[in-house]
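Undergrad: I have a structure I would like to understand better, so I am pasting it below and will then ask my questions one at a time.
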Amino acid sequence: MTATHTTSRVTVRGETGEVAQSPRATSPVRPLPDRRLRSRQRLRAQLAAWAFIAPVVVYLVVFYAYPLFRNLDLSFRDYTLRSFIDGTAPFVWFDNYVEVIQSSTFTPALVNTAVFTLVSIAFQFAIGLALAVFFFKRFPLAATLRALFLVPWLLPLLVSASVWAWMLNSESGIVNAGLEAIGLTQVNWLTSPQWAMVSVLLANIWIGIPFNLVILYSGLQNIPGEVYEAASLDGANGWQTFWRITVPLLRPVSAITILLGLVYTLKVFDIIWIMTRGGPGNASTTFAIWSYRLGFGGGSPELSPAAAVGNLLIVLAFVFGLIYIRTQRRSERA
Amino acid sequence: MTSARRIGNTVIGVIFTALMLFPLYWMINVSLTQPTDLRKDPPNLFPVNPTFDGYSRVLGEQLPYLGTSLVIGLGTVAVTLLLSAPAAFALAKLRPRGGTALNFVLLIAQMIPGIIMAMGFYLIFHSWGILDTVPGLILADSTLAVPFGVLIFTAFMAGIPEELMSAAKIDGAGPWRTFRSIVMPISRNSVVTVSLFTFLWAWSDFIFASTLNRGGALQPITMGIYKYIGNNTQDWNAIMATAVVASIPAAVLLVVAQRYVAAGVTAGAVKD
Amino acid sequence: MATLHQARAFGAAIITVGVAAAALTGCSTSGESTAASTEYTLWDPYPDRDAESTWAQAIDACAADLDITITRNSGNTGDTVKDLTTAAGNLPDIAMVDNPKVATLADAGLLTTTEDNGFDVSSIEENILSAGEIDGKVYGVPVGANTLGLYYNPTVLEAAGVDIASVTDYASLTAALEQIVASGGKGITFSAVGTEEGSFQFLPWFWGAGADLTALDSGEAESALQLWTDWVSTGLAPNSVISNTQGTSWDEFLTGEYGFAENGSWFKSAADEAGYESIQIPGIDGGVAPAPTGGEFITIPVQKDTSRYETSAEIVECLSGGDTGATALGYVAPTADGQAAQLDADPSLEFWTSAVGDAKPRTADNLGISYGVISEQLYTAVQNALSGASSPADALAEAQATATEKLEK
């Protein structure tokens, strides 16, 4: 049994000009397709699809599932350093979690994590978007300047954090020198409980702007020029164009950017650790910092509570992610 | 836009860029500052009495580290592309069962903090014998980029019109052929974007390098910095000089590839 | 439908393969040390001593003497516990560990005692050795020792009209600082960072006021912390001390604007070059405050092949005996002979050698592994008080409460 099809030709529309598409192929000769043939084809298609994703699945299981499993194991038992040698670690189930939640660091860490994440994302996104729109205008050097904006990203976090720590030093930092030059008093950026959070936010926002800039810029590129032409023909000014056209059309790209920003910011560790070590006290301690400090930063390693905090962080990320996806879906349907 | 307006925008652009890159300037400033002026109050805006000790040390000692970082970066890009592009193609076009679940898992996979991953990897790498090796770090660094790569590629490939796919199928091409000859060439821009992000992340990785390659013969530049962080002292000239020297190749790469940098996140080359 | 089942089965197969792969990787964590019997590994926290440094040469010389190869691997001292924990199935032959951490690692069973490895510690100075002694067993040997003192800049003091002989206790030191600030200089710099370094720097003042690590909330402890807090709040010490490491504090001192700096013996040659001098840290009412000993311990971690201990012990003997190891690292030698050799070569080491002789280990008074817990609370209290988050009394009370709670577990 054969079916005949005529070939169809479709061409891609490039940057300029339209190309007509030729009509689609004709239907097969027999009106009733063979069910077994179709389902075998479908199976083959499924197998082919899985062959493509199999490497990634194996990769995920080995490299992600395993560390996650180890971390869960660590958190449900009572691990001491000795356990790493002789392998004995009794199961304590949820004791570590209870201890962590009842600890006096829990609430400050939770608040700090939320503030750090939300404020970082808000500013990174807003500034990234503003810069993307700005660099979208055509002016000389736009492309080079845009590429230069990515340079902060190249620095290992150890270095970026150290440079910011230098600049924000109470005594010898350039920021305070600048403040004093215009007549304000010095601010103890890294050493005062009130300003420590602001300091790490500044550094983190600075580091996150390039990422947002790149992705939002490419999203802007995807908006067809005709839309803007039509808008200006209708007499819309810049501000209206931005809010009524650009922002809604950017929604899918914005969604990805904010979601990724959320996931990455919750994990942030190096910047805060190098600048303030979560201090003074708990002023800039987030869950990621707390987890590391419990495990390796403090006087004696408490690996099981550290693992518990780490898992709570993953749960938090999970919850934030779900909330975000749900809000996105709801607004898309509206 | 008038010429004056355009130049005006350029000036504003330069100011913004200068503000953004000020910390980099500060890094260079510190790298050239005399040790006795490092903590001066107020600090010198400009290295009035420059010292090039940091740079001479770095250039004499860090070149192997830079080479290793380059190899690791390129290797990570290769591994990431090999893993993520086919998977994204399947998720976007072939619709396997469990595809949505996989997408969700990939998102969650990115939420695991680095230290947890690093400790888990140590055991795996130890039993595979790839601790303290370059291939080991390549594998570890790829975990930073693969989920992201799948996400970007899927977003892009989902925008490729169905007609192209059907045309290929009618012409008798299997999925692999379609992938290789049709989808990948079109996806060039997103390949560059993913490669760039992957290279940058691998280049600046620190947590995996310090846990998994503590003593290897070949170490990346992020570990090279530790040479200047002693037990009780730090040689800031050399540390900042290392950072400056480490930034140069990557900065060159960025400026050269700037055309592709913002190009390929969504299906910008194909429009219906 | 049959095809759907087949498709699902295939999917399940992939997952199973994946899980099996993971299980295989997970199961084989029994680190087999197949290193040849003449290849030994040594981990130290001196990445800034590269292959041409005197330290590396000292190691090579020992290796040549014993006819073995020693592969050296340097990491950051703050990561030692993490690195050894992660490598638990694959420990190096020799691990150099910062002295307050020896107790922690020993308690975890990662280290061998002198009974296990046969090393002879009879010639090591007692006050330096005791940090490695827990319950009468010795887990490691110091490669050398350092301690803290009060450096001063004679130029700044002279300009302010301060006579160093008048600085004998807390009150006179504070008065001197006020004089220096009044004359336009800066007072004192030290490190109060939220890490072990901060505790290390606070201990001379803490002990000098008569306080004890088992009672962080005593009146004496409060006076010590009040001293530092007042210095920072009245501008006699800069606010940056809260985030300063010892290295950063030294950089501040090098600007030449500060009158005093509390720092360690390892800066002796830098101080000599800059023309700075030193005195021992005064106690609250006079006398000399006991300063803590610092310096790394050479330990022999547990190995599967116990026959390696003999050669490891010889490596330790080579590095700690004489004075090559200690001098290479800028430490005072741990044996009387070693110290004599150092003084012969450089008589100006007299001050620091006797300072080390007067010093006290942090894990002494049978604190052992409790030290880590107490130290963390101590530096947290210092941070809270200096940054104004709480008063010295409150900060210390909270520290003691938390320490008691954690130690009871």
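In the structure tokens, chains take letters A, B, ... by order of appearance, with residues numbered from 1 within each chain and ligands from 1 in the order shown.
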Per residue of chain C within 6 Å of chain B, which atom pair is closest and at what distance in Å (one decimal), using only C-alpha atoms, listed by chain and increasing number, as a tab-separated table?

TA:
residue	atom	partner	partner_atom	distance
C:Thr25	CA	B:Ile124	CA	5.4
C:Ser28	CA	B:Ser127	CA	5.9
C:Tyr46	CA	B:Gly230	CA	5.8
C:Pro47	CA	B:Lys227	CA	4.7
C:Asp48	CA	B:Lys227	CA	4.4
C:Asn73	CA	B:Gly215	CA	5.0
C:Gly247	CA	B:Thr233	CA	4.5
C:Glu252	CA	B:Arg39	CA	5.0
C:Leu254	CA	B:Thr36	CA	5.0
C:Thr255	CA	B:Thr36	CA	4.8

Undergrad: For chain A, list the residues within 7 Å of chain B, counting only C-alpha atoms, and write the list as a ChimeraX atom specification.

TA: /A:7-10,12-14,46,49-50,52-53,55-56,64,66-67,70-71,139-141,143-145,147,149,151,154-156,159,163,171-174,177,214-215,217-219,222,263,267,314,317-318

Undergrad: What parts of segment 163-217 of chain B does DSSP call alpha helix (DSSP H)? I'd like the answer as JSON, numbers by chain.

TA: {"B": [163, 164, 165, 166, 167, 168, 169, 170, 175, 176, 177, 178, 184, 185, 186, 188, 189, 190, 191, 192, 193, 194, 195, 196, 197, 198, 199, 200, 201, 202, 203, 207, 208, 209, 210, 211, 212]}

Undergrad: So that I can see what lies close to Gly235 of chain C, please list as a PyMOL selection string the residues with an atom at most 12 Å from it, counting only C-alpha atoms and leaving out residues fewer than 2 positions away in the same chain.

TA: (chain A and resi 171) or (chain C and resi 174+177-178+180-182+184-189+228-233+237-241+386)

Undergrad: Atom CA of Thr191 of chain A and atom CA of Asp394 of chain C are how many Å apart?

TA: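 It comes out at 18.7 Å.
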
Undergrad: Using only C-alpha atoms, which residue out of C:Val102, C:Thr71, C:Ser269, C:Leu236 lies closest to Ala56 of chain C?

TA: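 Of C:Val102, C:Thr71, C:Ser269, C:Leu236, the one nearest Ala56 of chain C, counting only C-alpha atoms, is C:Thr71.
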
Undergrad: Select residues of chain A: the criterion is any atom within 7 Å of an atom of chain C, counting only C-alpha atoms; output as a PyMOL selection string.

TA: chain A and resi 39-40+43+46-47+54+58+61-62+66+81-82+84-85+169-171+191-193+280-281+296+298-300

Undergrad: As a ChimeraX atom specification, please: the residues near Ile223 of chain A (cut-off 9 Å, only C-alpha atoms, same-chain neighbours under 3 positions excluded).

TA: /A:219-220,226-228,246,249-250 /B:268

Undergrad: May I have a table of the residues of segment 228-314 of chain C lying at most 10 Å from segment 147-157 of chain C, giving each one's closest pair of atoms and their distance in Å to one decimal, counting only C-alpha atoms, ordered by chain and ascending residue number, as a tab-separated table?

TA:
residue	atom	partner	partner_atom	distance
C:Trp250	CA	C:Tyr151	CA	10.0
C:Phe253	CA	C:Asn153	CA	8.5
C:Leu254	CA	C:Asn153	CA	9.4
C:Gly256	CA	C:Asn153	CA	7.4
C:Glu257	CA	C:Val156	CA	7.1
C:Tyr258	CA	C:Val156	CA	7.0
C:Gly259	CA	C:Asn153	CA	5.3
C:Phe260	CA	C:Tyr152	CA	4.4
C:Ala261	CA	C:Tyr151	CA	5.1
C:Glu262	CA	C:Leu150	CA	4.6
C:Asn263	CA	C:Leu148	CA	5.4
C:Gly264	CA	C:Leu148	CA	4.2
C:Ser265	CA	C:Thr147	CA	5.8
C:Trp266	CA	C:Thr147	CA	8.4
C:Phe267	CA	C:Tyr151	CA	9.6
C:Lys268	CA	C:Tyr151	CA	9.4
C:Ala271	CA	C:Tyr151	CA	8.1
C:Ala274	CA	C:Asn153	CA	8.8
C:Gly275	CA	C:Asn153	CA	7.4
C:Tyr276	CA	C:Asn153	CA	5.0
C:Glu277	CA	C:Tyr152	CA	5.5
C:Ser278	CA	C:Tyr151	CA	4.1
C:Ile279	CA	C:Leu150	CA	5.3
C:Gln280	CA	C:Gly149	CA	4.9
C:Ile281	CA	C:Leu150	CA	5.5
C:Pro282	CA	C:Leu150	CA	8.7
C:Ala289	CA	C:Gly149	CA	9.6
C:Pro290	CA	C:Leu148	CA	9.4
C:Ala291	CA	C:Leu148	CA	6.0
C:Pro292	CA	C:Thr147	CA	6.0
C:Thr293	CA	C:Thr147	CA	4.9
C:Gly294	CA	C:Thr147	CA	5.7
C:Gly295	CA	C:Thr147	CA	8.3

Undergrad: Convert the current residue selection to file output with C-alpha atoms, as an mmCIF file, in the first residue's frame.

TA:
data_model
loop_
_atom_site.group_PDB
_atom_site.id
_atom_site.type_symbol
_atom_site.label_atom_id
_atom_site.label_comp_id
_atom_site.auth_asym_id
_atom_site.auth_seq_id
_atom_site.Cartn_x
_atom_site.Cartn_y
_atom_site.Cartn_z
ATOM 1 C CA TRP C 250 48.762 45.221 58.075
ATOM 2 C CA PHE C 253 49.448 49.952 59.093
ATOM 3 C CA LEU C 254 51.783 50.189 56.098
ATOM 4 C CA GLY C 256 52.219 54.972 57.888
ATOM 5 C CA GLU C 257 49.265 56.817 59.364
ATOM 6 C CA TYR C 258 48.608 54.448 62.260
ATOM 7 C CA GLY C 259 50.391 54.500 65.577
ATOM 8 C CA PHE C 260 49.790 50.909 66.605
ATOM 9 C CA ALA C 261 48.887 47.628 64.974
ATOM 10 C CA GLU C 262 48.146 44.321 66.632
ATOM 11 C CA ASN C 263 49.613 41.688 64.373
ATOM 12 C CA GLY C 264 51.724 38.586 64.228
ATOM 13 C CA SER C 265 55.330 37.531 64.184
ATOM 14 C CA TRP C 266 55.127 36.645 60.525
ATOM 15 C CA PHE C 267 55.343 40.328 59.660
ATOM 16 C CA LYS C 268 58.654 40.718 61.424
ATOM 17 C CA ALA C 271 58.217 45.540 60.027
ATOM 18 C CA ALA C 274 59.590 49.737 57.437
ATOM 19 C CA GLY C 275 61.264 50.648 60.685
ATOM 20 C CA TYR C 276 58.456 49.502 62.963
ATOM 21 C CA GLU C 277 59.059 48.079 66.421
ATOM 22 C CA SER C 278 57.085 45.855 68.723
ATOM 23 C CA ILE C 279 56.102 45.306 72.336
ATOM 24 C CA GLN C 280 54.090 42.570 73.918
ATOM 25 C CA ILE C 281 50.416 43.253 74.387
ATOM 26 C CA PRO C 282 49.779 44.691 77.856
ATOM 27 C CA ALA C 289 48.759 39.558 78.269
ATOM 28 C CA PRO C 290 48.947 35.893 77.250
ATOM 29 C CA ALA C 291 48.802 35.776 73.504
ATOM 30 C CA PRO C 292 47.565 32.746 71.577
ATOM 31 C CA THR C 293 49.896 30.497 69.602
ATOM 32 C CA GLY C 294 49.309 30.133 65.940
ATOM 33 C CA GLY C 295 50.877 28.059 63.266
#

Undergrad: In terms of the shortest atom-to-atom distance over only C-alpha atoms, which of A:Tyr264, A:Tyr292, A:Tyr97, A:Phe287 is closest to Leu144 of chain B?

TA: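 Of A:Tyr264, A:Tyr292, A:Tyr97, A:Phe287, the one nearest Leu144 of chain B is A:Tyr264, counting only C-alpha atoms.
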
Undergrad: Provide the atom CA of Thr113 of chain C to atom CA of Asp65 of chain C distance in Å, to one decimal place.

TA: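 Between atom CA of Thr113 of chain C and atom CA of Asp65 of chain C the gap is 24.2 Å.
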